[in-house]
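The structure under discussion appears below in the form of structure tokens.
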Amino acid sequence: MRISQKVKKILDNYESDNPGTKANLARILMHGKLGGSGRMVILPVDQGFEHGPVRSFAANPPAYDPHYHFQLAIDAGLNAYAAPLGMIEAGADSFAGAIPTILKVNSSNSLARAKDQAVTGSVNDALRLGCSAIGFTIYPGSDDQFGMMEEIRELAEEAKASGLAVVMWSYPRGGDLTKEGETAMDVCAYGAHLAALLGAHIIKVKPPTGVLFQDAAKKVYEKSAIPIASLADRIKNVVTSCFNGRRIVVFSGGEAKDEAGILAEAKAIHEGGGNGSIIGRNSFQRPREQALELLEKIIQVYQNKG
Amino acid sequence: MRISQKVKKILDNYESDNPGTKANLARILMHGKLGGSGRMVILPVDQGFEHGPVRSFAANPPAYDPHYHFQLAIDAGLNAYAAPLGMIEAGADSFAGAIPTILKVNSSNSLARAKDQAVTGSVNDALRLGCSAIGFTIYPGSDDQFGMMEEIRELAEEAKASGLAVVMWSYPRGGDLTKEGETAMDVCAYGAHLAALLGAHIIKVKPPTGVLFQDAAKKVYEKSAIPIASLADRIKNVVTSCFNGRRIVVFSGGEAKDEAGILAEAKAIHEGGGNGSIIGRNSFQRPREQALELLEKIIQVYQNKG
Amino acid sequence: MRISQKVKKILDNYESDNPGTKANLARILMHGKLGGSGRMVILPVDQGFEHGPVRSFAANPPAYDPHYHFQLAIDAGLNAYAAPLGMIEAGADSFAGAIPTILKVNSSNSLARAKDQAVTGSVNDALRLGCSAIGFTIYPGSDDQFGMMEEIRELAEEAKASGLAVVMWSYPRGGDLTKEGETAMDVCAYGAHLAALLGAHIIKVKPPTGVLFQDAAKKVYEKSAIPIASLADRIKNVVTSCFNGRRIVVFSGGEAKDEAGILAEAKAIHEGGGNGSIIGRNSFQRPREQALELLEKIIQVYQNKG
Amino acid sequence: MRISQKVKKILDNYESDNPGTKANLARILMHGKLGGSGRMVILPVDQGFEHGPVRSFAANPPAYDPHYHFQLAIDAGLNAYAAPLGMIEAGADSFAGAIPTILKVNSSNSLARAKDQAVTGSVNDALRLGCSAIGFTIYPGSDDQFGMMEEIRELAEEAKASGLAVVMWSYPRGGDLTKEGETAMDVCAYGAHLAALLGAHIIKVKPPTGVLFQDAAKKVYEKSAIPIASLADRIKNVVTSCFNGRRIVVFSGGEAKDEAGILAEAKAIHEGGGNGSIIGRNSFQRPREQALELLEKIIQVYQNKG
Amino acid sequence: MRISQKVKKILDNYESDNPGTKANLARILMHGKLGGSGRMVILPVDQGFEHGPVRSFAANPPAYDPHYHFQLAIDAGLNAYAAPLGMIEAGADSFAGAIPTILKVNSSNSLARAKDQAVTGSVNDALRLGCSAIGFTIYPGSDDQFGMMEEIRELAEEAKASGLAVVMWSYPRGGDLTKEGETAMDVCAYGAHLAALLGAHIIKVKPPTGVLFQDAAKKVYEKSAIPIASLADRIKNVVTSCFNGRRIVVFSGGEAKDEAGILAEAKAIHEGGGNGSIIGRNSFQRPREQALELLEKIIQVYQNKG
């Protein structure tokens, strides 16, 4: 694998990592149609945990089969596939080496009342399954956030020592946060920054809205006249908040929406300097051919062809 | 032991498991009258924990003796016998190698108020007692569910590394779930899927009713016109929810009922593609001869003779 | 030590135990005046923890000295002496090898409000002090019961691996249990059964009353016409509940009472098939000579001379 | 070091301890002006934790310096010096071997609301600092008492295995205890007995008052006509409660009081059979010369010269 | 590195530390413009955790980049740079050996409701990143304070064994403390003393106000006529409270203020015997040239040139 200059430059930002972790980051960055560009599209399939099997897969029944998602990610030329333990176990051998995988090691579900997740995988699991990274969600603001941060601290230390990369989903919620506050500009940037401070290699957040939630932050946004009118502006603020671009940031798509909406979002992410998209429901809940088509269009956005 | 083609095909679904775990799954699948068919009937005796000795065994006093259950499972030609620590310890030597055993490693009791279970056995216990698998109950929905999931995560990792199989009882309860919700179609499928995601090899759930509990799920069932009118339909939905059939699913019988009811349920399970039945109270609370007769009839259902 | 046939038969019930544990069970069963009979009388001195030193020992001041109890148990020809850490440490050398000892490894006190106990000893303590067994109390029904069960699970696994025996005090209390419910027939049998399921070698419970506490259990006692009129009947029900007699069950005496009451109780235990008595306050709160006399009479009951 | 007969006799009571622990007990018992007498005076300086630096040391500013206390204990000819981590670290080298030290390994402070203490030192700390013992406070009665007991259980096991002695401060408080109850005769004796049962080598309690707090205990004190009129009587009851004198018991002085009061207390302790005094505020809050004079007088009490 | 006499004298106060830890303390004390003087100025950048990226860095955007802070600390000739995991990781290689670093291993954030922090770094992290010390915050008074103290106890033991120094931020808050109480003279001195007792090498507190919060302490300040009128007086009281000057104490600057205020504070710290300043927001929220200028003036204060 010949590492591109763009990827080399990104890897250089991970100053403290061992060659094992850098190699795994490189695998993700060099894989698929966006390989070498420094941009990435990832397929995450943790919907089964979050919303149950029927809400996740009934719209496109072949997606009940874990192999479906491996194949979709490979055929679409994505950079990586992220899923919880059972999903990865079910295809780890058939697709060994075919695409970088990210083992999601904590998970919640919609039957739960706490703003927390259960640890459902380990670094050893990731290693035995040939994964390139572990994935972990934190809920900044939640009354359980300190416990979650201590879990990922321990897992991340072990992952890095084992040559794996660490991907953090930072989704503010709980505590004094309102529903609107969860995706507010300031809160989203704060969540992304927390993941960076916790040592994440790749940070996944939701695209921020134009809302400013914390009064003290609102004052600063206004005083410093930070532009947040367009999504691209807001993406830029998140990227800046991740060590001024020294950390990879990707954005999730949220609830299923129409193609135009998805592509507009990707363009804004690209324009704002985000490293890419992590597209779950919007891909696997469409028929396979439509999904491949959509993913191709998203990739073209990041190839400046969109 | 010559592995049948059907069993071979099932084992192939367990891509990530080591030969030790596959061998133990094979032992369960190849044992007894249903050996090799891909179907199974298991005898579980954790009623003593759940309801106490008298409610469990007074109806058929020989069942107070742990040896009774080993012998019943063997004589009935079942695939495996599952029980908690003390029950297995009391017959582990007399019946060593005579039938695959599953050590139930957590347990509740009807004196408890929490929707939780105590961890009452270990992987080391399973190994020293010659068991083929550990069994563990999760209560999706319970406020203690994340703790339970973290317990089985750790135990399952250790079990798999030690060449044991992992059986999960997934019984939604607690939290915002109503009594009716616990066995609702959507909740049951969700519970089964969670066990699959957590890395279970064999999943045990209750047969679902026609109720749909979560509004968001109800909409999808209706929109996708998923058939749930007959029990066979509902079983099929559960099987689909377990990685589209890549994981073994067996169904418990619930409270003691009449023979006709039990056989009708088994037929529906078989028709819906379920892998079998796990029959506790309905077998050991009957006199031995009646129990053997009933179990034979259940087996015949799965042999397409019923 | 030549093991009697009766004891050999009892030891055979402990199928899964290693020779070390069987040897320690044999030491307890073969020691003292009842040695070899399969019956036993044990001296437990955990009253200091439970009620404090003055309430425990002021009635018979020599009993403030830990050596007193070792000597009493030896001179009375009992099978074993059970006490918490400090009490055993204080005489472990003077009486090394003179009588089997049971280290009580958890303890409560009457200053506490929680229905729980603190772990106050370890398997290593038992080994370094030359004990034959560890003793542990569970409170079935208490809101802390799962924690207690998980503590003994871990301690019992370690004890068995180290060749020690495990004695469980099963005293239902807390949660929804009323005072009357704590010693109800069904609850007591349930508690004994839970200890058996948790892997106890020797189970200690209180003699049950004729009360039936749980409705669901009451129905079964009535439907199955289980005799519970006499104490002997009730003892028999507890013995049956302990794997149909495959586990040793001994009964505590409760509060100090008159000699006639104690002997009547012992006769009922013996008649009902219980393995013996565990007599604390009723022995060490009497002057030594009276205690020896009483213990001799109790022993004679179990020798069929009473 | 030639061990006196009196000390030899005391050491013989610690039957289960290894030579390392006995040697450390001997060091404490043989050191200083009371060396060899079986009596001891100890300087404890945990006031900084409990009440803060100014309340502790402003009355005698040189006492802000940790070296002051080492030197005071040495010059006064005391048996040992007890203090928390930072205080011992600050003089461990300058005074290495000059006086036995006791590392206090848990601590509270007056900013706290819980009736609990934080573990603030370890057995490894005690070993690397050359201490002879660890010190630990339990609060019998507190809702956190079981947790505290489990902490000292683990620390004491490790300390004993490492050849250290274990000193327990037993200060009943919290739960249903009233302020008056904390130092009541029965509660104090109970607290001392709990420390003995938990395996303490040296027990530190407050001098009990004539109050009887627990009804059940009150009845026994009255029925058995246990004398508690004088402090010497009450001390005797505590000593008896510590395995009839098989464990060393020392008494704290409480709040600063006048010399006459302190000496009267020491005489009562001596007369009642207590092993000595542990004098903190009453020594280091006086000017050094006055403190040395007072400590000399206290020592003379225990030398039967007072 | 030739150690100055002043630094040698300070190091001698750390009697119990191994050469590794002393070497790391020496590195901090000998580095930068104040190297060898026994005084120090440290740059801490944990504002991102505490207040989020925008509130921390928007006033001076280059500060979004972690390299900015390393360079600022180096160019200003400071003694050390303290920051959480992600910030250190991002520059650890570029600036390896260029300035002593302190890894802040716990962190809070303004989305949290609990008066607690999450452990977000480890001793292993500090070692692999080439840090000289770990930093840890305690909140004396908080209902979580005992847990925090137990965390740093364990981390400090490991750090000291690994040759690292331990810096404690002691910020009283929570529990019964009022906002005013948090920085009260007595509370601040108490907090500093607690850090010293917990074994800190370097203690960081806020400059105390003239308020006296605890009644019992107030009486002693008044009775002993401790001067607290000027900030220098109050600093002196804190220094005295840290083992009479045997431990290094530095003071934080708090919210951004004008240059005159900052320099006046530094002069008072210097006059009162404090070891230096730890200046965060007041440096990195100014344009770089202004920050360098201000830091130079602060340094000159400690060089007696201010």
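Naming scheme: A, B, ... for chains in displayed order of the structure tokens; residues 1 onward per chain; ligands 1 onward as shown.
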
- Message: For Leu295 (chain E), find every residue with an atom within 12 Å (counting only C-alpha atoms), except residues of its own chain fewer than 3 positions away, and show them as a PyMOL selection string.
- Response: chain E and resi 32-34+40-43+72-79+259+262-263+266+276-284+286+288-292+298-302+306

Take the residues from that selection and put them in a file with C-alpha atoms, as a JSON list (two decimals), in the first residue's frame.
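Output below, filename again-v1.json:
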[["chain", "number", "residue", "atom", "x", "y", "z"],
["E", 32, "GLY", "CA", 12.85, 28.10, 31.63],
["E", 33, "LYS", "CA", 13.64, 31.59, 32.71],
["E", 34, "LEU", "CA", 12.89, 30.86, 36.35],
["E", 40, "MET", "CA", 7.86, 28.65, 38.57],
["E", 41, "VAL", "CA", 5.28, 29.71, 36.03],
["E", 42, "ILE", "CA", 3.24, 26.96, 34.39],
["E", 43, "LEU", "CA", 0.92, 27.10, 31.40],
["E", 72, "LEU", "CA", 3.91, 29.55, 23.73],
["E", 73, "ALA", "CA", 5.16, 27.85, 26.88],
["E", 74, "ILE", "CA", 8.58, 27.27, 25.33],
["E", 75, "ASP", "CA", 8.95, 30.76, 23.89],
["E", 76, "ALA", "CA", 7.81, 32.38, 27.11],
["E", 77, "GLY", "CA", 10.43, 30.41, 29.02],
["E", 78, "LEU", "CA", 7.94, 28.79, 31.36],
["E", 79, "ASN", "CA", 8.71, 25.83, 33.60],
["E", 259, "GLU", "CA", -2.52, 43.14, 33.27],
["E", 262, "ILE", "CA", -2.44, 39.87, 37.21],
["E", 263, "LEU", "CA", 0.86, 41.42, 38.12],
["E", 266, "ALA", "CA", 1.85, 37.65, 41.19],
["E", 276, "GLY", "CA", 4.64, 30.68, 41.47],
["E", 277, "SER", "CA", 1.74, 31.11, 39.12],
["E", 278, "ILE", "CA", -0.15, 28.87, 36.82],
["E", 279, "ILE", "CA", -1.55, 31.11, 34.11],
["E", 280, "GLY", "CA", -4.04, 29.78, 31.57],
["E", 281, "ARG", "CA", -6.75, 31.97, 30.12],
["E", 282, "ASN", "CA", -4.82, 35.12, 30.93],
["E", 283, "SER", "CA", -2.07, 34.02, 28.56],
["E", 284, "PHE", "CA", -3.56, 32.00, 25.70],
["E", 286, "ARG", "CA", -4.39, 37.18, 24.52],
["E", 288, "ARG", "CA", 0.65, 35.74, 21.27],
["E", 289, "GLU", "CA", 2.87, 38.82, 21.46],
["E", 290, "GLN", "CA", 0.84, 40.30, 24.27],
["E", 291, "ALA", "CA", 0.87, 36.99, 26.06],
["E", 292, "LEU", "CA", 4.63, 36.69, 25.79],
["E", 298, "ILE", "CA", 5.15, 37.87, 35.56],
["E", 299, "ILE", "CA", 8.48, 36.08, 35.40],
["E", 300, "GLN", "CA", 10.23, 39.29, 36.29],
["E", 301, "VAL", "CA", 8.09, 39.55, 39.40],
["E", 302, "TYR", "CA", 9.44, 36.18, 40.51],
["E", 306, "GLY", "CA", 8.89, 43.18, 38.67]]

Write out as a PDB file with N, CA, C and O atoms, in the first residue's frame which residues come within 8 Å of Leu198 (chain D) when counting only C-alpha atoms, dropping same-chain ones fewer than 2 positions away.
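Resulting contents of result_19.pdb:
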ATOM      1  N   PRO C  84     -15.964 -15.868  63.349  1.00  0.00           N
ATOM      2  CA  PRO C  84     -15.340 -14.887  62.449  1.00  0.00           C
ATOM      3  C   PRO C  84     -13.833 -14.764  62.674  1.00  0.00           C
ATOM      4  O   PRO C  84     -13.281 -15.326  63.640  1.00  0.00           O
ATOM      5  N   LEU C  85     -13.229 -13.969  61.792  1.00  0.00           N
ATOM      6  CA  LEU C  85     -11.770 -13.889  61.714  1.00  0.00           C
ATOM      7  C   LEU C  85     -11.052 -13.748  63.052  1.00  0.00           C
ATOM      8  O   LEU C  85     -10.213 -14.587  63.419  1.00  0.00           O
ATOM      9  N   GLY C  86     -11.374 -12.700  63.802  1.00  0.00           N
ATOM     10  CA  GLY C  86     -10.643 -12.423  65.032  1.00  0.00           C
ATOM     11  C   GLY C  86     -10.711 -13.567  66.025  1.00  0.00           C
ATOM     12  O   GLY C  86      -9.717 -13.884  66.700  1.00  0.00           O
ATOM     13  N   THR C 120     -15.875 -10.106  55.692  1.00  0.00           N
ATOM     14  CA  THR C 120     -14.891  -9.836  56.743  1.00  0.00           C
ATOM     15  C   THR C 120     -13.797 -10.897  56.822  1.00  0.00           C
ATOM     16  O   THR C 120     -13.001 -10.901  57.772  1.00  0.00           O
TER      17      THR C 120
ATOM     18  N   MET D 149     -15.570  -1.773  56.409  1.00  0.00           N
ATOM     19  CA  MET D 149     -15.074  -3.059  56.926  1.00  0.00           C
ATOM     20  C   MET D 149     -14.460  -3.893  55.805  1.00  0.00           C
ATOM     21  O   MET D 149     -13.470  -4.594  56.014  1.00  0.00           O
ATOM     22  N   ARG D 153     -10.676  -5.151  55.670  1.00  0.00           N
ATOM     23  CA  ARG D 153     -10.472  -6.601  55.521  1.00  0.00           C
ATOM     24  C   ARG D 153      -9.375  -6.876  54.501  1.00  0.00           C
ATOM     25  O   ARG D 153      -8.451  -7.656  54.738  1.00  0.00           O
ATOM     26  N   LEU D 194     -15.903  -5.240  67.655  1.00  0.00           N
ATOM     27  CA  LEU D 194     -15.937  -5.371  66.189  1.00  0.00           C
ATOM     28  C   LEU D 194     -14.523  -5.286  65.609  1.00  0.00           C
ATOM     29  O   LEU D 194     -14.165  -6.050  64.704  1.00  0.00           O
ATOM     30  N   ALA D 195     -13.732  -4.355  66.123  1.00  0.00           N
ATOM     31  CA  ALA D 195     -12.360  -4.229  65.637  1.00  0.00           C
ATOM     32  C   ALA D 195     -11.573  -5.518  65.924  1.00  0.00           C
ATOM     33  O   ALA D 195     -10.809  -5.997  65.078  1.00  0.00           O
ATOM     34  N   ALA D 196     -11.791  -6.082  67.109  1.00  0.00           N
ATOM     35  CA  ALA D 196     -11.112  -7.336  67.454  1.00  0.00           C
ATOM     36  C   ALA D 196     -11.540  -8.446  66.489  1.00  0.00           C
ATOM     37  O   ALA D 196     -10.710  -9.212  65.982  1.00  0.00           O
ATOM     38  N   ALA D 200      -7.984  -6.778  64.192  1.00  0.00           N
ATOM     39  CA  ALA D 200      -7.045  -5.729  64.604  1.00  0.00           C
ATOM     40  C   ALA D 200      -6.036  -6.279  65.611  1.00  0.00           C
ATOM     41  O   ALA D 200      -6.371  -7.113  66.448  1.00  0.00           O
TER      42      ALA D 200
END

- Message: Only residues of chain B matter here; which ones have an atom within 8 Å of chain A, counting only C-alpha atoms? Give them as an NGL selection string.
- Response: :B and (13-16 or 140-143 or 145-147 or 149-150 or 153 or 157 or 175-177 or 186 or 189-190 or 193-194 or 196-200 or 216-217 or 220-221 or 224 or 240-244 or 246)

- Task: From a DSSP calculation on the backbone, collect every residue of region 97-257 of chain B in helix (DSSP H, G or I) and output the set as a PyMOL selection string.
- Result: chain B and resi 123-128+145-161+179-182+185-197+215-223+231-241+243-245

- Message: Quick check, in Å to one decimal: how far apart do CA of Asn237 (chain B) and CA of Ile203 (chain B) lie?
- Response: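 According to the coordinates, CA of Asn237 (chain B) and CA of Ile203 (chain B) are separated by 14.0 Å.
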
- Task: Find the residues around Asp17 (chain E) up to 9 Å (only C-alpha atoms counted), leave out those fewer than 4 positions away in its own chain, and share them as a list in words.
- Result: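 The neighbour list is Glu89 of chain D; Thr21, Lys22, Lys160, Ala161 and Gly163 of chain E.
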
- Task: For CA of Val249 (chain C) and CA of Ile3 (chain C), determine how far apart the two atoms are, in Å to one decimal place.
- Result: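 CA of Ile3 (chain C) lies at a distance of 19.8 Å from CA of Val249 (chain C).
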